[in-house]
file data-v9.cif (mmCIF, C-alpha atoms)
data_start
#
loop_
_atom_site.group_PDB
_atom_site.id
_atom_site.type_symbol
_atom_site.label_atom_id
_atom_site.label_comp_id
_atom_site.auth_asym_id
_atom_site.auth_seq_id
_atom_site.Cartn_x
_atom_site.Cartn_y
_atom_site.Cartn_z
ATOM 1 C CA MET G 27 77.193 116.200 93.751
ATOM 2 C CA MET G 28 77.614 118.079 96.957
ATOM 3 C CA SER G 29 76.034 115.291 98.970
ATOM 4 C CA GLY G 30 78.764 112.950 97.790
ATOM 5 C CA HIS G 31 81.502 115.223 99.063
ATOM 6 C CA LEU G 32 80.032 116.725 102.215
ATOM 7 C CA PRO G 33 80.630 113.616 104.364
ATOM 8 C CA VAL G 34 84.255 113.635 103.246
ATOM 9 C CA THR G 35 84.690 117.031 104.870
ATOM 10 C CA ILE G 36 82.986 115.795 108.024
ATOM 11 C CA LEU G 37 85.371 112.845 108.112
ATOM 12 C CA ARG G 38 88.237 115.251 108.706
ATOM 13 C CA GLU G 39 87.182 115.275 112.377
ATOM 14 C CA PRO G 40 89.920 113.295 114.202
ATOM 15 C CA ASP G 41 87.689 110.667 115.808
ATOM 16 C CA LEU G 42 85.899 109.861 112.561
ATOM 17 C CA VAL G 43 89.130 109.917 110.576
ATOM 18 C CA MET G 44 90.629 107.415 112.998
ATOM 19 C CA SER G 45 87.492 105.298 112.826
ATOM 20 C CA VAL G 46 87.647 105.102 109.039
ATOM 21 C CA ARG G 47 91.394 104.467 109.159
ATOM 22 C CA GLN G 48 90.917 101.626 111.630
ATOM 23 C CA MET G 49 88.171 100.130 109.509
ATOM 24 C CA LEU G 50 90.323 100.203 106.390
ATOM 25 C CA THR G 51 93.234 98.777 108.379
ATOM 26 C CA ALA G 52 90.992 95.966 109.530
ATOM 27 C CA LEU G 53 89.833 95.253 106.007
ATOM 28 C CA VAL G 54 93.421 95.144 104.750
ATOM 29 C CA VAL G 55 94.337 92.762 107.571
ATOM 30 C CA SER G 56 91.428 90.562 106.564
ATOM 31 C CA VAL G 57 92.578 90.619 102.950
ATOM 32 C CA LEU G 58 96.107 89.642 103.937
ATOM 33 C CA VAL G 59 95.403 87.194 106.734
ATOM 34 C CA CYS G 60 92.018 85.639 105.963
ATOM 35 C CA GLY G 61 92.936 83.914 102.757
ATOM 36 C CA ALA G 62 92.357 86.386 99.917
ATOM 37 C CA SER G 63 95.338 84.849 98.155
ATOM 38 C CA SER G 64 94.209 86.040 94.737
ATOM 39 C CA LEU G 65 95.277 89.561 95.683
ATOM 40 C CA ALA G 66 98.824 88.402 96.330
ATOM 41 C CA GLN G 67 98.886 86.410 93.105
ATOM 42 C CA ALA G 68 97.561 89.283 91.020
ATOM 43 C CA GLN G 69 99.809 91.856 92.660
ATOM 44 C CA SER G 70 102.926 89.705 92.280
ATOM 45 C CA ALA G 71 102.215 88.752 88.666
ATOM 46 C CA PRO G 72 103.649 91.925 87.062
ATOM 47 C CA SER G 73 107.406 91.846 87.584
ATOM 48 C CA LYS G 74 107.537 95.594 88.139
ATOM 49 C CA ALA G 75 104.924 95.467 90.884
ATOM 50 C CA SER G 76 106.513 92.542 92.705
ATOM 51 C CA LYS G 77 109.950 94.102 92.467
ATOM 52 C CA GLY G 78 108.711 97.400 93.910
ATOM 53 C CA ALA G 79 106.661 95.780 96.625
ATOM 54 C CA ALA G 80 109.583 93.655 97.779
ATOM 55 C CA LYS G 81 111.874 96.576 98.530
ATOM 56 C CA PRO G 82 110.628 97.569 102.017
ATOM 57 C CA THR G 83 112.014 95.128 104.550
ATOM 58 C CA SER G 84 108.730 95.154 106.449
ATOM 59 C CA SER G 85 106.462 94.485 103.484
ATOM 60 C CA LYS G 86 105.757 90.858 104.395
ATOM 61 C CA PRO G 87 102.146 90.048 105.255
ATOM 62 C CA GLU G 88 103.285 88.765 108.663
ATOM 63 C CA VAL G 89 103.664 92.375 109.774
ATOM 64 C CA ALA G 90 99.890 92.730 109.932
ATOM 65 C CA LYS G 91 99.230 89.506 111.836
ATOM 66 C CA PRO G 92 99.590 90.922 115.367
ATOM 67 C CA GLU G 93 96.802 93.396 114.526
ATOM 68 C CA ALA G 94 94.445 90.758 113.182
ATOM 69 C CA LYS G 95 92.369 90.246 116.316
ATOM 70 C CA PRO G 96 91.830 93.879 117.352
ATOM 71 C CA ALA G 97 91.408 94.929 113.731
ATOM 72 C CA ALA G 98 88.769 92.300 113.144
ATOM 73 C CA ALA G 99 86.906 93.641 116.151
ATOM 74 C CA VAL G 100 87.015 97.163 114.703
ATOM 75 C CA ALA G 101 85.593 95.929 111.413
ATOM 76 C CA GLY G 102 82.837 93.981 113.093
ATOM 77 C CA ASN G 103 84.486 90.722 112.033
ATOM 78 C CA ALA G 104 83.687 91.478 108.395
ATOM 79 C CA GLU G 105 85.818 89.611 105.895
ATOM 80 C CA PRO G 106 86.233 91.343 102.532
ATOM 81 C CA THR G 107 85.195 89.486 99.399
ATOM 82 C CA LEU G 108 87.261 89.891 96.246
ATOM 83 C CA ILE G 109 84.762 90.474 93.450
ATOM 84 C CA GLY G 110 87.286 91.124 90.702
ATOM 85 C CA GLN G 111 90.968 91.745 89.966
ATOM 86 C CA PHE G 112 91.643 94.464 87.408
ATOM 87 C CA GLY G 113 95.310 94.970 86.611
ATOM 88 C CA THR G 114 97.013 95.891 89.872
ATOM 89 C CA TRP G 115 93.732 96.816 91.590
ATOM 90 C CA GLY G 116 91.553 94.410 93.514
ATOM 91 C CA ALA G 117 87.854 95.236 93.902
ATOM 92 C CA TYR G 118 86.407 94.228 97.283
ATOM 93 C CA THR G 119 83.170 94.419 99.200
ATOM 94 C CA ALA G 120 82.677 94.016 102.949
ATOM 95 C CA THR G 121 79.967 94.684 105.512
ATOM 96 C CA PRO G 122 81.621 95.877 108.744
ATOM 97 C CA ASN G 123 79.046 96.357 111.489
ATOM 98 C CA GLY G 124 76.257 95.747 108.970
ATOM 99 C CA LYS G 125 77.212 98.656 106.699
ATOM 100 C CA LYS G 126 78.343 97.849 103.182
ATOM 101 C CA VAL G 127 81.745 99.110 102.092
ATOM 102 C CA CYS G 128 83.201 98.723 98.608
ATOM 103 C CA PHE G 129 86.803 99.520 97.831
ATOM 104 C CA ALA G 130 89.541 99.178 95.262
ATOM 105 C CA LEU G 131 92.930 98.370 96.746
ATOM 106 C CA ALA G 132 96.475 98.379 95.361
ATOM 107 C CA LYS G 133 100.051 98.229 96.566
ATOM 108 C CA PRO G 134 102.793 100.537 95.234
ATOM 109 C CA SER G 135 104.689 99.503 92.127
ATOM 110 C CA SER G 136 107.712 101.294 93.587
ATOM 111 C CA SER G 137 108.645 102.825 96.935
ATOM 112 C CA LYS G 138 111.597 105.023 97.852
ATOM 113 C CA THR G 139 112.785 106.638 101.076
ATOM 114 C CA ASN G 140 115.216 109.492 101.671
ATOM 115 C CA PRO G 141 117.510 108.615 103.435
ATOM 116 C CA PRO G 142 117.405 105.322 101.531
ATOM 117 C CA ASN G 143 116.214 101.955 102.833
ATOM 118 C CA ARG G 144 114.428 103.217 105.923
ATOM 119 C CA PRO G 145 112.138 100.540 107.420
ATOM 120 C CA ARG G 146 108.386 100.947 107.130
ATOM 121 C CA ASP G 147 105.201 98.915 106.936
ATOM 122 C CA PRO G 148 103.515 98.200 103.589
ATOM 123 C CA ALA G 149 101.678 101.066 101.896
ATOM 124 C CA TYR G 150 98.230 100.713 100.313
ATOM 125 C CA ALA G 151 96.040 102.976 98.202
ATOM 126 C CA PHE G 152 92.242 102.786 98.507
ATOM 127 C CA VAL G 153 89.315 104.189 96.619
ATOM 128 C CA SER G 154 86.298 103.451 98.807
ATOM 129 C CA THR G 155 82.547 103.863 98.605
ATOM 130 C CA ARG G 156 80.325 103.787 101.707
ATOM 131 C CA PRO G 157 76.638 104.126 100.702
ATOM 132 C CA ALA G 158 75.397 104.512 104.287
ATOM 133 C CA GLU G 159 77.519 107.680 104.607
ATOM 134 C CA LYS G 160 76.806 108.860 101.044
ATOM 135 C CA VAL G 161 80.531 108.684 100.300
ATOM 136 C CA THR G 162 81.542 107.727 96.759
ATOM 137 C CA ASN G 163 85.081 107.095 95.503
ATOM 138 C CA GLU G 164 86.936 108.516 98.477
ATOM 139 C CA VAL G 165 90.687 108.269 97.943
ATOM 140 C CA SER G 166 92.876 107.402 100.900
ATOM 141 C CA VAL G 167 96.368 106.041 101.410
ATOM 142 C CA MET G 168 97.780 104.049 104.300
ATOM 143 C CA ILE G 169 101.386 105.139 104.035
ATOM 144 C CA GLY G 170 103.011 102.533 106.284
ATOM 145 C CA TYR G 171 104.496 104.819 108.959
ATOM 146 C CA ALA G 172 103.525 107.618 111.330
ATOM 147 C CA LEU G 173 103.379 110.840 109.354
ATOM 148 C CA LYS G 174 104.887 114.024 110.737
ATOM 149 C CA PRO G 175 102.132 115.666 112.845
ATOM 150 C CA GLY G 176 100.581 118.632 111.074
ATOM 151 C CA SER G 177 102.375 117.869 107.831
ATOM 152 C CA GLU G 178 100.798 117.842 104.386
ATOM 153 C CA SER G 179 101.487 115.178 101.820
ATOM 154 C CA THR G 180 100.894 115.391 98.091
ATOM 155 C CA LEU G 181 99.293 113.113 95.532
ATOM 156 C CA GLU G 182 100.475 113.750 91.981
ATOM 157 C CA VAL G 183 98.490 112.508 88.995
ATOM 158 C CA GLY G 184 97.784 113.726 85.473
ATOM 159 C CA GLY G 185 100.190 116.645 85.789
ATOM 160 C CA ALA G 186 98.468 118.046 88.902
ATOM 161 C CA ALA G 187 99.415 117.878 92.580
ATOM 162 C CA TYR G 188 96.749 117.576 95.281
ATOM 163 C CA ALA G 189 97.355 118.485 98.917
ATOM 164 C CA MET G 190 96.583 115.599 101.250
ATOM 165 C CA TYR G 191 95.404 115.866 104.848
ATOM 166 C CA THR G 192 97.362 113.572 107.194
ATOM 167 C CA GLN G 193 96.279 111.749 110.337
ATOM 168 C CA GLY G 194 98.441 109.055 111.909
ATOM 169 C CA ASP G 195 99.504 106.895 108.957
ATOM 170 C CA GLY G 196 96.578 107.887 106.725
ATOM 171 C CA LEU G 197 96.159 110.449 103.963
ATOM 172 C CA TRP G 198 92.969 111.986 102.559
ATOM 173 C CA ILE G 199 92.501 114.814 100.095
ATOM 174 C CA LYS G 200 92.518 118.161 101.906
ATOM 175 C CA ASN G 201 90.032 119.923 99.635
ATOM 176 C CA ALA G 202 87.104 117.523 99.225
ATOM 177 C CA ALA G 203 85.754 119.607 96.334
ATOM 178 C CA GLU G 204 88.750 118.480 94.250
ATOM 179 C CA GLU G 205 88.260 114.764 94.859
ATOM 180 C CA GLU G 206 86.005 114.045 91.884
ATOM 181 C CA ARG G 207 88.467 115.745 89.544
ATOM 182 C CA MET G 208 91.331 113.789 91.121
ATOM 183 C CA VAL G 209 89.519 110.472 90.687
ATOM 184 C CA ASP G 210 88.752 111.316 87.049
ATOM 185 C CA ALA G 211 92.459 111.994 86.514
ATOM 186 C CA MET G 212 93.349 108.707 88.202
ATOM 187 C CA ARG G 213 91.020 106.839 85.855
ATOM 188 C CA LYS G 214 92.904 108.198 82.832
ATOM 189 C CA ALA G 215 96.519 108.308 84.044
ATOM 190 C CA ALA G 216 99.160 105.554 84.020
ATOM 191 C CA ASP G 217 100.253 106.038 87.605
ATOM 192 C CA VAL G 218 99.956 108.187 90.708
ATOM 193 C CA THR G 219 102.722 109.332 93.039
ATOM 194 C CA VAL G 220 102.269 109.946 96.762
ATOM 195 C CA LYS G 221 104.864 111.869 98.756
ATOM 196 C CA GLY G 222 105.028 112.141 102.520
ATOM 197 C CA VAL G 223 107.293 112.893 105.480
ATOM 198 C CA SER G 224 107.518 110.655 108.520
ATOM 199 C CA ALA G 225 107.565 111.802 112.132
ATOM 200 C CA LYS G 226 111.330 111.170 112.049
ATOM 201 C CA GLY G 227 111.806 113.332 108.959
ATOM 202 C CA THR G 228 112.178 110.564 106.383
ATOM 203 C CA GLU G 229 110.828 111.544 102.974
ATOM 204 C CA THR G 230 108.969 108.880 101.035
ATOM 205 C CA THR G 231 107.810 108.537 97.443
ATOM 206 C CA ASP G 232 105.360 105.787 96.507
ATOM 207 C CA THR G 233 104.204 105.209 92.941
ATOM 208 C CA PHE G 234 101.031 103.227 92.285
ATOM 209 C CA SER G 235 100.167 101.856 88.872
ATOM 210 C CA LEU G 236 96.645 102.847 87.869
ATOM 211 C CA LYS G 237 96.225 99.987 85.416
ATOM 212 C CA GLY G 238 92.767 98.526 85.959
ATOM 213 C CA LEU G 239 91.547 101.182 88.408
ATOM 214 C CA SER G 240 88.838 102.526 86.089
ATOM 215 C CA GLN G 241 87.452 99.021 85.511
ATOM 216 C CA ALA G 242 87.596 98.277 89.254
ATOM 217 C CA LEU G 243 85.631 101.439 90.060
ATOM 218 C CA ASP G 244 83.039 100.617 87.407
ATOM 219 C CA ARG G 245 82.575 97.159 88.933
ATOM 220 C CA LEU G 246 82.256 98.605 92.438
ATOM 221 C CA ALA G 247 79.657 101.101 91.226
ATOM 222 C CA GLN G 248 77.507 98.152 90.184
ATOM 223 C CA ASP G 249 78.034 96.149 93.381
ATOM 224 C CA CYS G 250 77.775 98.971 95.892
ATOM 225 C CA LYS G 251 74.391 100.428 95.037
ATOM 226 C CA ARG G 252 72.168 101.246 97.982
#

call {"tool": "encode", "arguments": {"input": "data-v9.cif", "output": "C-alpha coordinates"}}
result
Amino acid sequence: MMSGHLPVTILREPDLVMSVRQMLTALVVSVLVCGASSLAQAQSAPSKASKGAAKPTSSKPEVAKPEAKPAAAVAGNAEPTLIGQFGTWGAYTATPNGKKVCFALAKPSSSKTNPPNRPRDPAYAFVSTRPAEKVTNEVSVMIGYALKPGSESTLEVGGAAYAMYTQGDGLWIKNAAEEERMVDAMRKAADVTVKGVSAKGTETTDTFSLKGLSQALDRLAQDCKR
(Lines of atoms letter the chains of each structure in order from A and count residues from 1; the text may use other names and numbers.)
(Lines give C-alpha, C1' and ligand atoms only; values in the text may rest on other atoms or scores of the structure.)
Protein backbone atom coordinates (compact mmCIF):
# COMPACT_ATOMS: atom_id res chain seq x y z
CA MET A 1 0.00 0.00 0.00
CA MET A 2 2.80 2.36 0.77
CA SER A 3 4.37 1.85 -2.64
CA GLY A 4 1.20 3.15 -4.24
CA HIS A 5 1.33 6.38 -2.28
CA LEU A 6 5.04 7.11 -2.00
CA PRO A 7 5.38 8.43 -5.58
CA VAL A 8 2.49 10.79 -4.91
CA THR A 9 4.54 12.45 -2.19
CA ILE A 10 7.53 12.66 -4.51
CA LEU A 11 5.34 14.32 -7.13
CA ARG A 12 4.93 17.29 -4.82
CA GLU A 13 8.34 18.47 -6.06
CA PRO A 14 7.58 21.50 -8.30
CA ASP A 15 9.25 20.25 -11.48
CA LEU A 16 7.52 16.87 -11.33
CA VAL A 17 4.20 18.43 -10.38
CA MET A 18 4.43 20.71 -13.40
CA SER A 19 5.41 17.79 -15.59
CA VAL A 20 2.36 15.78 -14.54
CA ARG A 21 0.15 18.85 -14.88
CA GLN A 22 1.43 19.50 -18.39
CA MET A 23 0.88 15.88 -19.34
CA LEU A 24 -2.69 15.92 -18.09
CA THR A 25 -3.25 19.25 -19.84
CA ALA A 26 -1.98 17.71 -23.05
CA LEU A 27 -4.25 14.71 -22.68
CA VAL A 28 -7.26 16.95 -22.08
CA VAL A 29 -6.36 18.99 -25.16
CA SER A 30 -6.18 15.77 -27.15
CA VAL A 31 -9.57 14.71 -25.84
CA LEU A 32 -11.11 18.05 -26.79
CA VAL A 33 -9.33 18.73 -30.06
CA CYS A 34 -8.50 15.34 -31.55
CA GLY A 35 -12.00 14.10 -32.07
CA ALA A 36 -13.08 12.34 -28.87
CA SER A 37 -16.59 13.62 -29.51
CA SER A 38 -18.20 10.93 -27.37
CA LEU A 39 -16.98 12.76 -24.27
CA ALA A 40 -18.85 15.90 -25.28
CA GLN A 41 -21.97 13.91 -26.12
CA ALA A 42 -21.93 12.01 -22.84
CA GLN A 43 -21.14 15.08 -20.76
CA SER A 44 -23.86 17.17 -22.41
CA ALA A 45 -26.52 14.46 -22.21
CA PRO A 46 -27.57 15.12 -18.58
CA SER A 47 -29.31 18.49 -18.51
CA LYS A 48 -27.80 19.36 -15.15
CA ALA A 49 -24.26 18.72 -16.37
CA SER A 50 -24.67 20.69 -19.58
CA LYS A 51 -26.31 23.57 -17.76
CA GLY A 52 -23.48 23.75 -15.21
CA ALA A 53 -20.75 23.39 -17.78
CA ALA A 54 -22.17 26.18 -19.92
CA LYS A 55 -21.98 28.83 -17.22
CA PRO A 56 -18.30 29.86 -17.51
CA THR A 57 -17.90 32.12 -20.52
CA SER A 58 -14.59 30.48 -21.37
CA SER A 59 -15.79 26.89 -21.23
CA LYS A 60 -15.82 26.38 -25.00
CA PRO A 61 -13.38 23.79 -26.34
CA GLU A 62 -11.81 26.48 -28.55
CA VAL A 63 -10.05 27.84 -25.48
CA ALA A 64 -7.69 24.86 -25.50
CA LYS A 65 -6.87 25.00 -29.21
CA PRO A 66 -3.93 27.43 -28.98
CA GLU A 67 -2.23 24.96 -26.61
CA ALA A 68 -2.75 21.96 -28.85
CA LYS A 69 0.66 21.94 -30.52
CA PRO A 70 2.89 22.51 -27.47
CA ALA A 71 0.68 20.27 -25.34
CA ALA A 72 0.90 17.46 -27.85
CA ALA A 73 4.67 17.76 -27.71
CA VAL A 74 4.59 17.47 -23.91
CA ALA A 75 2.49 14.32 -24.13
CA GLY A 76 4.73 12.76 -26.73
CA ASN A 77 1.97 13.13 -29.33
CA ALA A 78 -0.13 10.54 -27.51
CA GLU A 79 -3.82 10.68 -28.29
CA PRO A 80 -6.09 9.35 -25.54
CA THR A 81 -8.48 6.53 -26.36
CA LEU A 82 -11.93 6.52 -24.79
CA ILE A 83 -12.48 2.98 -23.55
CA GLY A 84 -15.81 3.60 -21.84
CA GLN A 85 -18.25 6.30 -20.72
CA PHE A 86 -19.75 5.75 -17.27
CA GLY A 87 -22.27 8.38 -16.24
CA THR A 88 -20.45 11.71 -16.29
CA TRP A 89 -16.99 10.08 -16.24
CA GLY A 90 -15.04 9.07 -19.30
CA ALA A 91 -12.40 6.34 -18.95
CA TYR A 92 -9.31 6.92 -21.11
CA THR A 93 -5.96 5.35 -21.81
CA ALA A 94 -2.94 6.98 -23.44
CA THR A 95 0.76 6.26 -23.86
CA PRO A 96 2.67 9.56 -23.64
CA ASN A 97 6.37 9.03 -24.28
CA GLY A 98 5.83 5.26 -24.27
CA LYS A 99 4.45 5.13 -20.72
CA LYS A 100 0.87 4.01 -20.25
CA VAL A 101 -1.49 6.35 -18.44
CA CYS A 102 -5.09 5.56 -17.56
CA PHE A 103 -7.47 8.18 -16.26
CA ALA A 104 -11.09 8.96 -15.53
CA LEU A 105 -12.11 12.47 -16.50
CA ALA A 106 -15.17 14.62 -15.75
CA LYS A 107 -16.31 18.21 -15.99
CA PRO A 108 -18.16 20.00 -13.16
CA SER A 109 -21.92 19.70 -12.98
CA SER A 110 -21.95 23.22 -11.52
CA SER A 111 -19.44 26.03 -11.08
CA LYS A 112 -19.72 29.23 -9.06
CA THR A 113 -17.42 32.19 -8.48
CA ASN A 114 -17.45 34.86 -5.78
CA PRO A 115 -17.67 37.63 -6.99
CA PRO A 116 -20.09 36.09 -9.49
CA ASN A 117 -19.47 35.43 -13.18
CA ARG A 118 -15.70 35.83 -13.13
CA PRO A 119 -14.10 34.47 -16.33
CA ARG A 120 -12.08 31.27 -16.16
CA ASP A 121 -11.06 28.30 -18.27
CA PRO A 122 -12.89 24.97 -18.00
CA ALA A 123 -12.26 22.86 -14.90
CA TYR A 124 -11.64 19.10 -15.01
CA ALA A 125 -11.32 16.39 -12.37
CA PHE A 126 -9.01 13.42 -12.96
CA VAL A 127 -8.37 10.13 -11.26
CA SER A 128 -5.22 8.78 -12.91
CA THR A 129 -3.13 5.63 -12.76
CA ARG A 130 0.47 5.52 -14.02
CA PRO A 131 1.89 1.97 -13.67
CA ALA A 132 5.45 3.00 -14.57
CA GLU A 133 5.48 5.30 -11.51
CA LYS A 134 3.52 2.87 -9.31
CA VAL A 135 0.80 5.49 -8.93
CA THR A 136 -2.78 4.24 -8.61
CA ASN A 137 -5.93 6.37 -8.51
CA GLU A 138 -4.26 9.72 -7.98
CA VAL A 139 -6.86 12.48 -7.73
CA SER A 140 -6.10 15.82 -9.32
CA VAL A 141 -8.10 18.81 -10.49
CA MET A 142 -7.30 21.35 -13.18
CA ILE A 143 -9.20 24.29 -11.78
CA GLY A 144 -9.20 26.57 -14.83
CA TYR A 145 -7.28 29.55 -13.41
CA ALA A 146 -4.05 30.41 -11.62
CA LEU A 147 -4.48 29.57 -7.95
CA LYS A 148 -3.28 31.96 -5.27
CA PRO A 149 0.39 31.07 -4.63
CA GLY A 150 0.83 29.16 -1.39
CA SER A 151 -2.90 28.74 -0.91
CA GLU A 152 -4.65 25.52 0.04
CA SER A 153 -7.83 24.34 -1.59
CA THR A 154 -10.29 21.80 -0.23
CA LEU A 155 -12.05 18.79 -1.68
CA GLU A 156 -15.24 17.86 0.16
CA VAL A 157 -16.79 14.42 -0.21
CA GLY A 158 -18.71 12.02 2.01
CA GLY A 159 -18.92 14.52 4.86
CA ALA A 160 -15.13 15.01 5.04
CA ALA A 161 -12.90 17.81 3.77
CA TYR A 162 -9.42 17.09 2.40
CA ALA A 163 -6.70 19.72 2.13
CA MET A 164 -5.37 20.04 -1.40
CA TYR A 165 -1.87 21.11 -2.41
CA THR A 166 -1.89 23.75 -5.17
CA GLN A 167 0.56 24.39 -7.99
CA GLY A 168 -0.30 26.72 -10.86
CA ASP A 169 -3.82 25.70 -11.86
CA GLY A 170 -3.58 22.17 -10.44
CA LEU A 171 -4.66 20.59 -7.17
CA TRP A 172 -3.46 17.37 -5.53
CA ILE A 173 -4.20 15.95 -2.10
CA LYS A 174 -1.79 17.37 0.47
CA ASN A 175 -1.58 14.27 2.66
CA ALA A 176 -0.98 11.35 0.29
CA ALA A 177 -1.79 8.88 3.08
CA GLU A 178 -5.42 10.05 2.93
CA GLU A 179 -5.84 9.54 -0.81
CA GLU A 180 -7.06 5.95 -0.71
CA ARG A 181 -9.72 6.87 1.85
CA MET A 182 -10.73 9.87 -0.27
CA VAL A 183 -11.07 7.74 -3.41
CA ASP A 184 -13.16 5.19 -1.50
CA ALA A 185 -15.45 8.02 -0.39
CA MET A 186 -15.68 9.30 -3.96
CA ARG A 187 -16.74 5.85 -5.15
CA LYS A 188 -19.70 5.88 -2.74
CA ALA A 189 -20.77 9.54 -2.74
CA ALA A 190 -23.13 11.37 -5.11
CA ASP A 191 -20.86 14.32 -5.72
CA VAL A 192 -17.65 16.06 -4.72
CA THR A 193 -17.07 19.77 -4.17
CA VAL A 194 -13.77 21.54 -4.82
CA LYS A 195 -13.11 25.02 -3.44
CA GLY A 196 -10.24 27.28 -4.39
CA VAL A 197 -9.01 30.88 -4.45
CA SER A 198 -7.51 32.49 -7.52
CA ALA A 199 -4.41 34.68 -7.60
CA LYS A 200 -6.80 37.65 -7.86
CA GLY A 201 -8.76 36.58 -4.79
CA THR A 202 -11.80 35.12 -6.54
CA GLU A 203 -13.34 32.23 -4.62
CA THR A 204 -14.61 29.30 -6.66
CA THR A 205 -16.81 26.31 -5.92
CA ASP A 206 -17.00 23.44 -8.41
CA THR A 207 -19.26 20.44 -7.90
CA PHE A 208 -18.59 17.23 -9.82
CA SER A 209 -21.14 14.45 -10.08
CA LEU A 210 -19.61 11.12 -9.11
CA LYS A 211 -22.14 9.07 -11.05
CA GLY A 212 -20.23 6.35 -12.89
CA LEU A 213 -16.84 7.03 -11.27
CA SER A 214 -16.67 3.67 -9.47
CA GLN A 215 -17.42 1.79 -12.71
CA ALA A 216 -14.87 3.91 -14.60
CA LEU A 217 -12.16 3.12 -12.04
CA ASP A 218 -12.99 -0.59 -12.17
CA ARG A 219 -12.63 -0.53 -15.96
CA LEU A 220 -9.32 1.33 -15.76
CA ALA A 221 -8.01 -1.18 -13.22
CA GLN A 222 -8.51 -3.88 -15.84
CA ASP A 223 -6.98 -1.91 -18.72
CA CYS A 224 -4.04 -0.39 -16.89
CA LYS A 225 -2.33 -3.47 -15.52
CA ARG A 226 1.43 -3.56 -15.88

call {"tool": "atom_distance", "arguments": {"input": "data-v9.cif", "atom1": "atom CA of G:Ser135", "atom2": "atom CA of G:Tyr150"}}
result
10.5 Å

call {"tool": "closest_residue", "arguments": {"input": "data-v9.cif", "among": "G:Leu197, G:Lys221, G:Lys125, G:Thr114", "to": "G:Gln241", "atoms": "all atoms listed in the file"}}
result
G:Thr114

call {"tool": "closest_residue", "arguments": {"input": "data-v9.cif", "among": "G:Ser179, G:Ile199, G:Pro141, G:Ile109", "to": "G:Ser166", "atoms": "all atoms listed in the file"}}
result
G:Ile199

call {"tool": "resolve_selection", "arguments": {"input": "data-v9.cif", "expression": "the PyMOL selection byres ((chain G and resi 204-212) around 8)", "output": "VMD selection string"}}
result
chain G and resid 31 163 to 165 183 to 184 188 199 201 to 203 213 to 218 236 239 to 240

call {"tool": "closest_residue", "arguments": {"input": "data-v9.cif", "among": "G:Ala158, G:Ala172, G:Leu243, G:Val220", "to": "G:Leu131", "atoms": "all atoms listed in the file"}}
result
G:Leu243

call {"tool": "closest_residue", "arguments": {"input": "data-v9.cif", "among": "G:Gly124, G:Thr139, G:Gly113, G:Ala130", "to": "G:Asp232", "atoms": "only C-alpha atoms"}}
result
G:Thr139

call {"tool": "residues_near_point", "arguments": {"input": "data-v9.cif", "point": "(107.0, 109.2, 93.3)", "cutoff": "9 Å", "atoms": "all atoms listed in the file", "output": "JSON, numbers by chain"}}
result
{"G": [136, 137, 138, 181, 182, 218, 219, 220, 221, 230, 231, 232, 233, 234]}

call {"tool": "residues_near_point", "arguments": {"input": "data-v9.cif", "point": "(79.9, 99.1, 97.8)", "cutoff": "10 Å", "atoms": "only C-alpha atoms", "output": "list in words"}}
result
Ala117, Tyr118, Thr119, Ala120, Thr121, Lys125, Lys126, Val127, Cys128, Phe129, Ala130, Ser154, Thr155, Arg156, Pro157, Ala158, Val161, Thr162, Asn163, Leu243, Arg245, Leu246, Ala247, Gln248, Asp249, Cys250, Lys251 and Arg252 of chain G

call {"tool": "atom_distance", "arguments": {"input": "data-v9.cif", "atom1": "atom CA of G:Pro122", "atom2": "atom CA of G:Phe152"}}
result
16.3 Å

call {"tool": "atom_distance", "arguments": {"input": "data-v9.cif", "atom1": "atom CA of G:Arg146", "atom2": "atom CA of G:Lys237"}}
result
24.9 Å

call {"tool": "closest_residue", "arguments": {"input": "data-v9.cif", "among": "G:Gly194, G:Gly238, G:Gly110, G:Pro145", "to": "G:Gly176", "atoms": "all atoms listed in the file"}}
result
G:Gly194
